[in-house]
>>> print(open('start-v1.cif').read())   # mmCIF, N, CA and C atoms
data_coords
loop_
_atom_site.label_atom_id
_atom_site.label_comp_id
_atom_site.auth_asym_id
_atom_site.auth_seq_id
_atom_site.Cartn_x
_atom_site.Cartn_y
_atom_site.Cartn_z
N MET O 1323 89.56 120.04 34.77
CA MET O 1323 88.95 121.01 33.88
C MET O 1323 88.08 121.97 34.68
N ASN O 1324 88.03 123.20 34.23
CA ASN O 1324 87.16 124.22 34.80
C ASN O 1324 85.94 124.34 33.88
N ILE O 1325 84.77 124.04 34.43
CA ILE O 1325 83.54 123.99 33.66
C ILE O 1325 82.54 125.00 34.20
N ALA O 1326 82.03 125.86 33.30
CA ALA O 1326 81.01 126.83 33.69
C ALA O 1326 79.64 126.32 33.25
N LEU O 1327 78.68 126.45 34.17
CA LEU O 1327 77.30 126.02 33.92
C LEU O 1327 76.38 127.23 34.09
N ILE O 1328 75.68 127.58 33.01
CA ILE O 1328 74.83 128.76 33.00
C ILE O 1328 73.49 128.34 32.38
N ALA O 1329 72.40 128.85 32.91
CA ALA O 1329 71.09 128.53 32.33
C ALA O 1329 70.14 129.70 32.50
N HIS O 1330 69.46 130.03 31.43
CA HIS O 1330 68.39 131.02 31.53
C HIS O 1330 67.26 130.44 32.37
N ASP O 1331 66.39 131.31 32.87
CA ASP O 1331 65.35 130.90 33.83
C ASP O 1331 64.56 129.67 33.40
N ARG O 1332 64.09 129.66 32.16
CA ARG O 1332 63.26 128.53 31.72
C ARG O 1332 64.08 127.29 31.38
N LYS O 1333 65.38 127.35 31.54
CA LYS O 1333 66.25 126.21 31.27
C LYS O 1333 66.94 125.69 32.54
N LYS O 1334 66.67 126.31 33.68
CA LYS O 1334 67.35 125.91 34.91
C LYS O 1334 67.02 124.48 35.32
N GLU O 1335 65.76 124.09 35.21
CA GLU O 1335 65.39 122.72 35.56
C GLU O 1335 66.09 121.71 34.64
N LEU O 1336 66.21 122.04 33.38
CA LEU O 1336 66.92 121.18 32.43
C LEU O 1336 68.39 121.06 32.81
N MET O 1337 68.99 122.16 33.27
CA MET O 1337 70.38 122.12 33.72
C MET O 1337 70.53 121.22 34.93
N VAL O 1338 69.59 121.30 35.86
CA VAL O 1338 69.62 120.43 37.04
C VAL O 1338 69.53 118.97 36.60
N GLU O 1339 68.64 118.66 35.67
CA GLU O 1339 68.51 117.30 35.17
C GLU O 1339 69.80 116.83 34.50
N LEU O 1340 70.41 117.71 33.72
CA LEU O 1340 71.68 117.37 33.06
C LEU O 1340 72.76 117.06 34.08
N THR O 1341 72.89 117.90 35.10
CA THR O 1341 73.94 117.69 36.09
C THR O 1341 73.67 116.45 36.94
N LEU O 1342 72.41 116.12 37.17
CA LEU O 1342 72.09 114.87 37.86
C LEU O 1342 72.48 113.66 37.00
N ALA O 1343 72.16 113.72 35.73
CA ALA O 1343 72.46 112.61 34.82
C ALA O 1343 73.96 112.41 34.62
N TYR O 1344 74.73 113.50 34.65
CA TYR O 1344 76.16 113.43 34.37
C TYR O 1344 77.01 113.75 35.60
N LYS O 1345 76.43 113.56 36.77
CA LYS O 1345 77.11 113.88 38.02
C LYS O 1345 78.47 113.20 38.14
N LEU O 1346 78.55 111.93 37.80
CA LEU O 1346 79.82 111.20 37.93
C LEU O 1346 80.89 111.74 36.99
N ILE O 1347 80.49 112.26 35.84
CA ILE O 1347 81.45 112.86 34.91
C ILE O 1347 81.89 114.23 35.42
N LEU O 1348 80.96 114.99 35.99
CA LEU O 1348 81.26 116.35 36.45
C LEU O 1348 82.03 116.38 37.77
N GLU O 1349 81.83 115.39 38.61
CA GLU O 1349 82.37 115.39 39.98
C GLU O 1349 83.86 115.71 40.10
N PRO O 1350 84.72 115.13 39.26
CA PRO O 1350 86.16 115.40 39.46
C PRO O 1350 86.63 116.77 38.95
N HIS O 1351 85.74 117.54 38.37
CA HIS O 1351 86.12 118.81 37.76
C HIS O 1351 85.70 119.99 38.64
N ALA O 1352 86.33 121.13 38.41
CA ALA O 1352 85.96 122.37 39.11
C ALA O 1352 84.77 122.98 38.38
N LEU O 1353 83.68 123.13 39.11
CA LEU O 1353 82.46 123.65 38.51
C LEU O 1353 82.21 125.09 38.95
N PHE O 1354 81.74 125.88 38.00
CA PHE O 1354 81.44 127.29 38.22
C PHE O 1354 80.06 127.54 37.64
N ALA O 1355 79.32 128.46 38.23
CA ALA O 1355 77.99 128.75 37.70
C ALA O 1355 77.58 130.15 38.10
N THR O 1356 76.60 130.66 37.37
CA THR O 1356 75.98 131.91 37.79
C THR O 1356 75.07 131.59 38.97
N GLY O 1357 74.71 132.62 39.72
CA GLY O 1357 74.04 132.54 41.02
C GLY O 1357 73.00 131.47 41.26
N THR O 1358 71.81 131.67 40.74
CA THR O 1358 70.70 130.76 41.01
C THR O 1358 70.94 129.39 40.41
N THR O 1359 71.52 129.35 39.22
CA THR O 1359 71.80 128.07 38.58
C THR O 1359 72.73 127.25 39.47
N GLY O 1360 73.78 127.86 39.96
CA GLY O 1360 74.72 127.16 40.84
C GLY O 1360 74.06 126.65 42.10
N LYS O 1361 73.22 127.48 42.68
CA LYS O 1361 72.52 127.08 43.91
C LYS O 1361 71.64 125.87 43.67
N ARG O 1362 70.90 125.89 42.59
CA ARG O 1362 70.00 124.77 42.27
C ARG O 1362 70.78 123.50 41.99
N ILE O 1363 71.91 123.62 41.30
CA ILE O 1363 72.74 122.44 41.02
C ILE O 1363 73.27 121.86 42.33
N MET O 1364 73.78 122.70 43.21
CA MET O 1364 74.33 122.21 44.48
C MET O 1364 73.25 121.53 45.31
N GLU O 1365 72.07 122.13 45.38
CA GLU O 1365 70.99 121.54 46.18
C GLU O 1365 70.54 120.19 45.63
N ALA O 1366 70.50 120.07 44.30
CA ALA O 1366 70.00 118.83 43.68
C ALA O 1366 71.04 117.72 43.63
N THR O 1367 72.32 118.09 43.48
CA THR O 1367 73.34 117.07 43.23
C THR O 1367 74.33 116.88 44.36
N GLY O 1368 74.49 117.90 45.21
CA GLY O 1368 75.52 117.85 46.24
C GLY O 1368 76.90 118.16 45.69
N LEU O 1369 76.99 118.50 44.41
CA LEU O 1369 78.28 118.87 43.82
C LEU O 1369 78.74 120.22 44.36
N SER O 1370 80.04 120.40 44.44
CA SER O 1370 80.60 121.68 44.84
C SER O 1370 80.64 122.60 43.61
N VAL O 1371 80.07 123.79 43.75
CA VAL O 1371 80.01 124.73 42.63
C VAL O 1371 80.41 126.11 43.14
N HIS O 1372 81.41 126.72 42.48
CA HIS O 1372 81.75 128.11 42.79
C HIS O 1372 80.71 128.98 42.09
N ARG O 1373 80.03 129.81 42.87
CA ARG O 1373 78.96 130.63 42.31
C ARG O 1373 79.42 132.07 42.09
N PHE O 1374 79.15 132.55 40.88
CA PHE O 1374 79.35 133.96 40.56
C PHE O 1374 78.01 134.67 40.76
N GLN O 1375 77.97 135.95 40.44
CA GLN O 1375 76.72 136.71 40.49
C GLN O 1375 75.72 136.08 39.51
N SER O 1376 74.47 136.43 39.65
CA SER O 1376 73.49 135.99 38.67
C SER O 1376 73.82 136.66 37.34
N GLY O 1377 73.40 136.05 36.23
CA GLY O 1377 73.75 136.56 34.90
C GLY O 1377 73.47 138.04 34.71
N PRO O 1378 72.24 138.49 34.96
CA PRO O 1378 71.93 139.91 34.74
C PRO O 1378 72.70 140.86 35.66
N LEU O 1379 73.25 140.35 36.74
CA LEU O 1379 74.00 141.19 37.69
C LEU O 1379 75.51 141.10 37.48
N GLY O 1380 75.93 140.51 36.37
CA GLY O 1380 77.35 140.47 36.04
C GLY O 1380 77.99 139.10 36.04
N GLY O 1381 77.23 138.06 36.35
CA GLY O 1381 77.80 136.72 36.38
C GLY O 1381 78.35 136.25 35.05
N ASP O 1382 77.65 136.59 33.96
CA ASP O 1382 78.15 136.23 32.62
C ASP O 1382 79.49 136.91 32.37
N GLN O 1383 79.61 138.16 32.79
CA GLN O 1383 80.86 138.89 32.60
C GLN O 1383 81.97 138.33 33.47
N GLN O 1384 81.64 137.87 34.68
CA GLN O 1384 82.66 137.25 35.53
C GLN O 1384 83.21 135.99 34.87
N ILE O 1385 82.33 135.19 34.30
CA ILE O 1385 82.79 133.99 33.60
C ILE O 1385 83.58 134.39 32.36
N GLY O 1386 83.11 135.41 31.65
CA GLY O 1386 83.84 135.90 30.49
C GLY O 1386 85.25 136.34 30.84
N SER O 1387 85.41 136.95 31.98
CA SER O 1387 86.73 137.37 32.44
C SER O 1387 87.64 136.16 32.61
N ARG O 1388 87.12 135.09 33.18
CA ARG O 1388 87.91 133.87 33.37
C ARG O 1388 88.26 133.22 32.03
N ILE O 1389 87.34 133.33 31.07
CA ILE O 1389 87.64 132.81 29.72
C ILE O 1389 88.83 133.57 29.14
N SER O 1390 88.81 134.90 29.26
CA SER O 1390 89.88 135.72 28.67
C SER O 1390 91.22 135.49 29.36
N GLU O 1391 91.19 134.95 30.57
CA GLU O 1391 92.42 134.61 31.30
C GLU O 1391 92.82 133.15 31.10
N ASN O 1392 92.11 132.45 30.19
CA ASN O 1392 92.34 131.04 29.90
C ASN O 1392 92.14 130.16 31.14
N LYS O 1393 91.13 130.52 31.94
CA LYS O 1393 90.84 129.78 33.17
C LYS O 1393 89.51 129.04 33.11
N MET O 1394 88.95 128.88 31.92
CA MET O 1394 87.76 128.06 31.71
C MET O 1394 88.06 127.11 30.56
N ASP O 1395 87.57 125.88 30.70
CA ASP O 1395 87.85 124.86 29.68
C ASP O 1395 86.62 124.42 28.91
N LEU O 1396 85.46 124.63 29.48
CA LEU O 1396 84.22 124.16 28.86
C LEU O 1396 83.07 125.00 29.42
N ILE O 1397 82.17 125.44 28.53
CA ILE O 1397 81.02 126.23 28.95
C ILE O 1397 79.76 125.51 28.48
N ILE O 1398 78.84 125.30 29.41
CA ILE O 1398 77.51 124.83 29.05
C ILE O 1398 76.56 125.95 29.42
N PHE O 1399 75.96 126.53 28.42
CA PHE O 1399 75.08 127.68 28.59
C PHE O 1399 73.74 127.34 27.95
N LEU O 1400 72.83 126.82 28.75
CA LEU O 1400 71.51 126.47 28.22
C LEU O 1400 70.68 127.74 28.09
N ARG O 1401 70.63 128.23 26.85
CA ARG O 1401 69.97 129.48 26.55
C ARG O 1401 68.50 129.26 26.19
N ASP O 1402 67.70 130.26 26.45
CA ASP O 1402 66.30 130.23 26.06
C ASP O 1402 66.17 131.12 24.82
N PRO O 1403 66.12 130.52 23.63
CA PRO O 1403 66.09 131.34 22.41
C PRO O 1403 64.74 132.02 22.17
N LEU O 1404 63.74 131.67 22.97
CA LEU O 1404 62.40 132.22 22.74
C LEU O 1404 62.03 133.35 23.70
N ALA O 1405 62.95 133.70 24.59
CA ALA O 1405 62.67 134.78 25.54
C ALA O 1405 63.72 135.89 25.40
N ALA O 1406 63.25 137.13 25.39
CA ALA O 1406 64.18 138.26 25.35
C ALA O 1406 64.92 138.31 26.69
N GLN O 1407 66.21 138.57 26.62
CA GLN O 1407 67.03 138.64 27.83
C GLN O 1407 67.50 140.08 28.02
N PRO O 1408 67.29 140.65 29.20
CA PRO O 1408 67.71 142.03 29.44
C PRO O 1408 69.21 142.23 29.34
N HIS O 1409 69.97 141.15 29.50
CA HIS O 1409 71.42 141.24 29.45
C HIS O 1409 71.98 140.56 28.20
N GLU O 1410 71.21 140.61 27.10
CA GLU O 1410 71.61 139.97 25.85
C GLU O 1410 73.01 140.38 25.37
N PRO O 1411 73.41 141.66 25.51
CA PRO O 1411 74.78 142.01 25.11
C PRO O 1411 75.85 141.21 25.88
N ASP O 1412 75.59 140.93 27.15
CA ASP O 1412 76.53 140.13 27.94
C ASP O 1412 76.58 138.69 27.43
N VAL O 1413 75.42 138.16 27.06
CA VAL O 1413 75.34 136.81 26.52
C VAL O 1413 76.12 136.73 25.22
N THR O 1414 75.91 137.69 24.35
CA THR O 1414 76.61 137.72 23.07
C THR O 1414 78.12 137.85 23.28
N ALA O 1415 78.53 138.67 24.22
CA ALA O 1415 79.96 138.84 24.51
C ALA O 1415 80.57 137.53 25.03
N LEU O 1416 79.85 136.80 25.86
CA LEU O 1416 80.35 135.54 26.39
C LEU O 1416 80.55 134.53 25.26
N ILE O 1417 79.58 134.45 24.36
CA ILE O 1417 79.69 133.52 23.23
C ILE O 1417 80.86 133.92 22.34
N ARG O 1418 81.02 135.21 22.11
CA ARG O 1418 82.13 135.70 21.30
C ARG O 1418 83.47 135.33 21.94
N LEU O 1419 83.59 135.49 23.26
CA LEU O 1419 84.84 135.14 23.94
C LEU O 1419 85.15 133.65 23.80
N CYS O 1420 84.13 132.81 23.85
CA CYS O 1420 84.37 131.37 23.64
C CYS O 1420 84.95 131.13 22.26
N ASP O 1421 84.47 131.84 21.26
CA ASP O 1421 85.03 131.70 19.91
C ASP O 1421 86.46 132.23 19.84
N VAL O 1422 86.69 133.39 20.43
CA VAL O 1422 88.03 134.00 20.39
C VAL O 1422 89.07 133.10 21.06
N TYR O 1423 88.72 132.54 22.20
CA TYR O 1423 89.68 131.75 22.99
C TYR O 1423 89.52 130.24 22.79
N GLU O 1424 88.70 129.85 21.79
CA GLU O 1424 88.54 128.45 21.41
C GLU O 1424 88.12 127.57 22.59
N ILE O 1425 87.11 128.04 23.31
CA ILE O 1425 86.55 127.29 24.44
C ILE O 1425 85.33 126.54 23.95
N PRO O 1426 85.28 125.22 24.13
CA PRO O 1426 84.08 124.48 23.73
C PRO O 1426 82.85 125.03 24.45
N LEU O 1427 81.78 125.25 23.68
CA LEU O 1427 80.56 125.88 24.19
C LEU O 1427 79.34 125.11 23.71
N ALA O 1428 78.49 124.72 24.64
CA ALA O 1428 77.19 124.12 24.31
C ALA O 1428 76.11 125.11 24.70
N THR O 1429 75.18 125.35 23.79
CA THR O 1429 74.07 126.25 24.10
C THR O 1429 72.74 125.52 24.12
N ASN O 1430 72.79 124.20 23.98
CA ASN O 1430 71.56 123.40 24.07
C ASN O 1430 71.91 122.04 24.65
N ILE O 1431 70.89 121.30 25.05
CA ILE O 1431 71.08 120.04 25.76
C ILE O 1431 71.78 118.99 24.90
N GLY O 1432 71.49 118.95 23.61
CA GLY O 1432 72.12 117.97 22.73
C GLY O 1432 73.63 118.15 22.67
N THR O 1433 74.06 119.36 22.45
CA THR O 1433 75.50 119.64 22.39
C THR O 1433 76.14 119.46 23.75
N ALA O 1434 75.43 119.82 24.80
CA ALA O 1434 75.97 119.64 26.16
C ALA O 1434 76.27 118.17 26.43
N GLU O 1435 75.36 117.30 26.05
CA GLU O 1435 75.59 115.87 26.28
C GLU O 1435 76.78 115.36 25.48
N VAL O 1436 76.90 115.80 24.24
CA VAL O 1436 78.05 115.39 23.42
C VAL O 1436 79.36 115.84 24.06
N LEU O 1437 79.41 117.10 24.52
CA LEU O 1437 80.63 117.59 25.15
C LEU O 1437 80.94 116.85 26.45
N LEU O 1438 79.94 116.56 27.26
CA LEU O 1438 80.19 115.84 28.51
C LEU O 1438 80.67 114.41 28.25
N ARG O 1439 80.10 113.76 27.25
CA ARG O 1439 80.57 112.42 26.90
C ARG O 1439 81.99 112.48 26.34
N GLY O 1440 82.28 113.52 25.57
CA GLY O 1440 83.64 113.72 25.07
C GLY O 1440 84.62 113.98 26.19
N LEU O 1441 84.19 114.74 27.18
CA LEU O 1441 85.01 115.00 28.36
C LEU O 1441 85.36 113.69 29.05
N GLN O 1442 84.37 112.83 29.21
CA GLN O 1442 84.57 111.53 29.85
C GLN O 1442 85.58 110.67 29.07
N GLU O 1443 85.56 110.77 27.75
CA GLU O 1443 86.44 109.96 26.92
C GLU O 1443 87.82 110.58 26.71
N GLY O 1444 88.04 111.78 27.24
CA GLY O 1444 89.34 112.42 27.10
C GLY O 1444 89.50 113.26 25.85
N PHE O 1445 88.40 113.53 25.14
CA PHE O 1445 88.49 114.30 23.91
C PHE O 1445 88.79 115.78 24.13
N LEU O 1446 88.73 116.23 25.38
CA LEU O 1446 89.02 117.64 25.67
C LEU O 1446 90.38 117.81 26.36
N ASP O 1447 91.18 116.76 26.36
CA ASP O 1447 92.50 116.85 27.00
C ASP O 1447 93.40 117.89 26.35
N TRP O 1448 93.11 118.26 25.10
CA TRP O 1448 93.89 119.30 24.43
C TRP O 1448 93.83 120.62 25.20
N ARG O 1449 92.79 120.81 26.00
CA ARG O 1449 92.70 122.04 26.81
C ARG O 1449 93.84 122.10 27.81
N ASP O 1450 94.28 120.96 28.35
CA ASP O 1450 95.42 120.94 29.26
C ASP O 1450 96.66 121.49 28.57
N LEU O 1451 96.87 121.08 27.34
CA LEU O 1451 98.03 121.57 26.58
C LEU O 1451 97.91 123.07 26.33
N ARG O 1452 96.71 123.51 25.97
CA ARG O 1452 96.47 124.92 25.68
C ARG O 1452 96.73 125.78 26.91
N ARG O 1453 96.27 125.29 28.08
CA ARG O 1453 96.44 126.02 29.32
C ARG O 1453 97.93 126.12 29.69
N ASN O 1454 98.67 125.07 29.40
CA ASN O 1454 100.10 125.05 29.75
C ASN O 1454 100.94 125.90 28.81
N GLU O 1455 100.41 126.30 27.66
CA GLU O 1455 101.12 127.18 26.74
C GLU O 1455 101.27 128.58 27.30
N GLU O 1456 100.38 128.95 28.19
CA GLU O 1456 100.36 130.32 28.71
C GLU O 1456 101.47 130.56 29.69
#
>>> encode(input="start-v1.cif", output="structure tokens")
Amino acid sequence: MNIALIAHDRKKELMVELTLAYKLILEPHALFATGTTGKRIMEATGLSVHRFQSGPLGGDQQIGSRISENKMDLIIFLRDPLAAQPHEPDVTALIRLCDVYEIPLATNIGTAEVLLRGLQEGFLDWRDLRRNEE
């Protein structure tokens, strides 16, 4: 599975904690992240992460492009709902693309944990079928 990991500034530490806790589940998958988030995950976990630009510099759009090409299977985007984001239109577009292309999306830690546990149990295997339809 191709998994994108994105976190707003005040959620980056939470993302690091999540990836540490679920490292064994994430390890066999291809991980992608926006700039600083990816760097922090790699430093803390030793996991291999393909890094895109930082979100405000186009990283959200790079991930969105991969979604539209059916090259992402799961998105964990720990958003900060209490802070204004200068690139909010990009964030909204990314969420919209997940809906259009039926990509599982977690925007908070609770949903992220449910999706990761589901990934471990094989509940997202339908993505393999979807990818092979193309």
>>> resolve_selection(input="start-v1.cif", expression="the PyMOL selection byres ((chain O and resi 1373) around 8)", output="list in words")
Leu1353, Phe1354, Ala1355, Thr1356, Gly1357, Thr1358, Thr1359, Gly1360, Lys1361, Ser1370, Val1371, His1372, Phe1374, Gln1375, Ser1376 and Gly1381 of chain O
>>> select_by_dssp(input="start-v1.cif", residues="stretch 1350-1456 of chain O", states="alpha helix (DSSP H)", output="number ranges by chain")
O: 1357-1367, 1381-1390, 1410-1422, 1431-1443, 1448-1455
>>> resolve_selection(input="start-v1.cif", expression="the PyMOL selection byres ((chain O and resi 1410-1420) around 7)", output="ChimeraX atom specification")
/O:1382-1383,1385-1386,1389-1390,1406-1409,1421-1427
>>> closest_residue(input="start-v1.cif", among="O:Ile1347, O:Asp1331, O:Asn1392, O:Thr1367", to="O:Leu1438", atoms="only N, CA and C atoms")
O:Ile1347
>>> residues_around(input="start-v1.cif", residues="O:Thr1341", least_positions_apart="4", cutoff="8 Å", atoms="only N, CA and C atoms", output="VMD selection string")
chain O and resid 1335 to 1337 1345 to 1346 1348 1363 1366 to 1367
>>> atom_distance(input="start-v1.cif", atom1="atom CA of O:Tyr1344", atom2="atom CA of O:Glu1443")
13.2 Å
>>> atom_distance(input="start-v1.cif", atom1="atom CA of O:Ala1428", atom2="atom CA of O:Lys1334")
14.6 Å
>>> atom_distance(input="start-v1.cif", atom1="atom CA of O:Trp1448", atom2="atom CA of O:Ile1325")
14.6 Å
>>> closest_residue(input="start-v1.cif", among="O:Lys1333, O:Ser1387, O:Asn1430, O:Met1323", to="O:Phe1399", atoms="all atoms listed in the file")
O:Asn1430
>>> select_by_dssp(input="start-v1.cif", residues="chain O", states="strand (DSSP E or B)", output="number ranges by chain")
O: 1324-1329, 1352-1355, 1371-1373, 1396-1400, 1427-1428
>>> resolve_selection(input="start-v1.cif", expression="the PyMOL selection byres ((chain O and resi 1431) around 8)", output="PyMOL selection string")
chain O and resi 1336+1340+1399-1401+1428-1430+1432-1437
>>> write_last_selection(input="start-v1.cif", atoms="N, CA and C atoms", output="PDB file, in the frame of the given file")
ATOM      1  N   LEU O1336      66.210 122.040  33.380  1.00  0.00           N
ATOM      2  CA  LEU O1336      66.920 121.180  32.430  1.00  0.00           C
ATOM      3  C   LEU O1336      68.390 121.060  32.810  1.00  0.00           C
ATOM      4  N   LEU O1340      70.410 117.710  33.720  1.00  0.00           N
ATOM      5  CA  LEU O1340      71.680 117.370  33.060  1.00  0.00           C
ATOM      6  C   LEU O1340      72.760 117.060  34.080  1.00  0.00           C
ATOM      7  N   PHE O1399      75.960 126.530  28.420  1.00  0.00           N
ATOM      8  CA  PHE O1399      75.080 127.680  28.590  1.00  0.00           C
ATOM      9  C   PHE O1399      73.740 127.340  27.950  1.00  0.00           C
ATOM     10  N   LEU O1400      72.830 126.820  28.750  1.00  0.00           N
ATOM     11  CA  LEU O1400      71.510 126.470  28.220  1.00  0.00           C
ATOM     12  C   LEU O1400      70.680 127.740  28.090  1.00  0.00           C
ATOM     13  N   ARG O1401      70.630 128.230  26.850  1.00  0.00           N
ATOM     14  CA  ARG O1401      69.970 129.480  26.550  1.00  0.00           C
ATOM     15  C   ARG O1401      68.500 129.260  26.190  1.00  0.00           C
ATOM     16  N   ALA O1428      78.490 124.720  24.640  1.00  0.00           N
ATOM     17  CA  ALA O1428      77.190 124.120  24.310  1.00  0.00           C
ATOM     18  C   ALA O1428      76.110 125.110  24.700  1.00  0.00           C
ATOM     19  N   THR O1429      75.180 125.350  23.790  1.00  0.00           N
ATOM     20  CA  THR O1429      74.070 126.250  24.100  1.00  0.00           C
ATOM     21  C   THR O1429      72.740 125.520  24.120  1.00  0.00           C
ATOM     22  N   ASN O1430      72.790 124.200  23.980  1.00  0.00           N
ATOM     23  CA  ASN O1430      71.560 123.400  24.070  1.00  0.00           C
ATOM     24  C   ASN O1430      71.910 122.040  24.650  1.00  0.00           C
ATOM     25  N   GLY O1432      71.490 118.950  23.610  1.00  0.00           N
ATOM     26  CA  GLY O1432      72.120 117.970  22.730  1.00  0.00           C
ATOM     27  C   GLY O1432      73.630 118.150  22.670  1.00  0.00           C
ATOM     28  N   THR O1433      74.060 119.360  22.450  1.00  0.00           N
ATOM     29  CA  THR O1433      75.500 119.640  22.390  1.00  0.00           C
ATOM     30  C   THR O1433      76.140 119.460  23.750  1.00  0.00           C
ATOM     31  N   ALA O1434      75.430 119.820  24.800  1.00  0.00           N
ATOM     32  CA  ALA O1434      75.970 119.640  26.160  1.00  0.00           C
ATOM     33  C   ALA O1434      76.270 118.170  26.430  1.00  0.00           C
ATOM     34  N   GLU O1435      75.360 117.300  26.050  1.00  0.00           N
ATOM     35  CA  GLU O1435      75.590 115.870  26.280  1.00  0.00           C
ATOM     36  C   GLU O1435      76.780 115.360  25.480  1.00  0.00           C
ATOM     37  N   VAL O1436      76.900 115.800  24.240  1.00  0.00           N
ATOM     38  CA  VAL O1436      78.050 115.390  23.420  1.00  0.00           C
ATOM     39  C   VAL O1436      79.360 115.840  24.060  1.00  0.00           C
ATOM     40  N   LEU O1437      79.410 117.100  24.520  1.00  0.00           N
ATOM     41  CA  LEU O1437      80.630 117.590  25.150  1.00  0.00           C
ATOM     42  C   LEU O1437      80.940 116.850  26.450  1.00  0.00           C
TER      43      LEU O1437
END
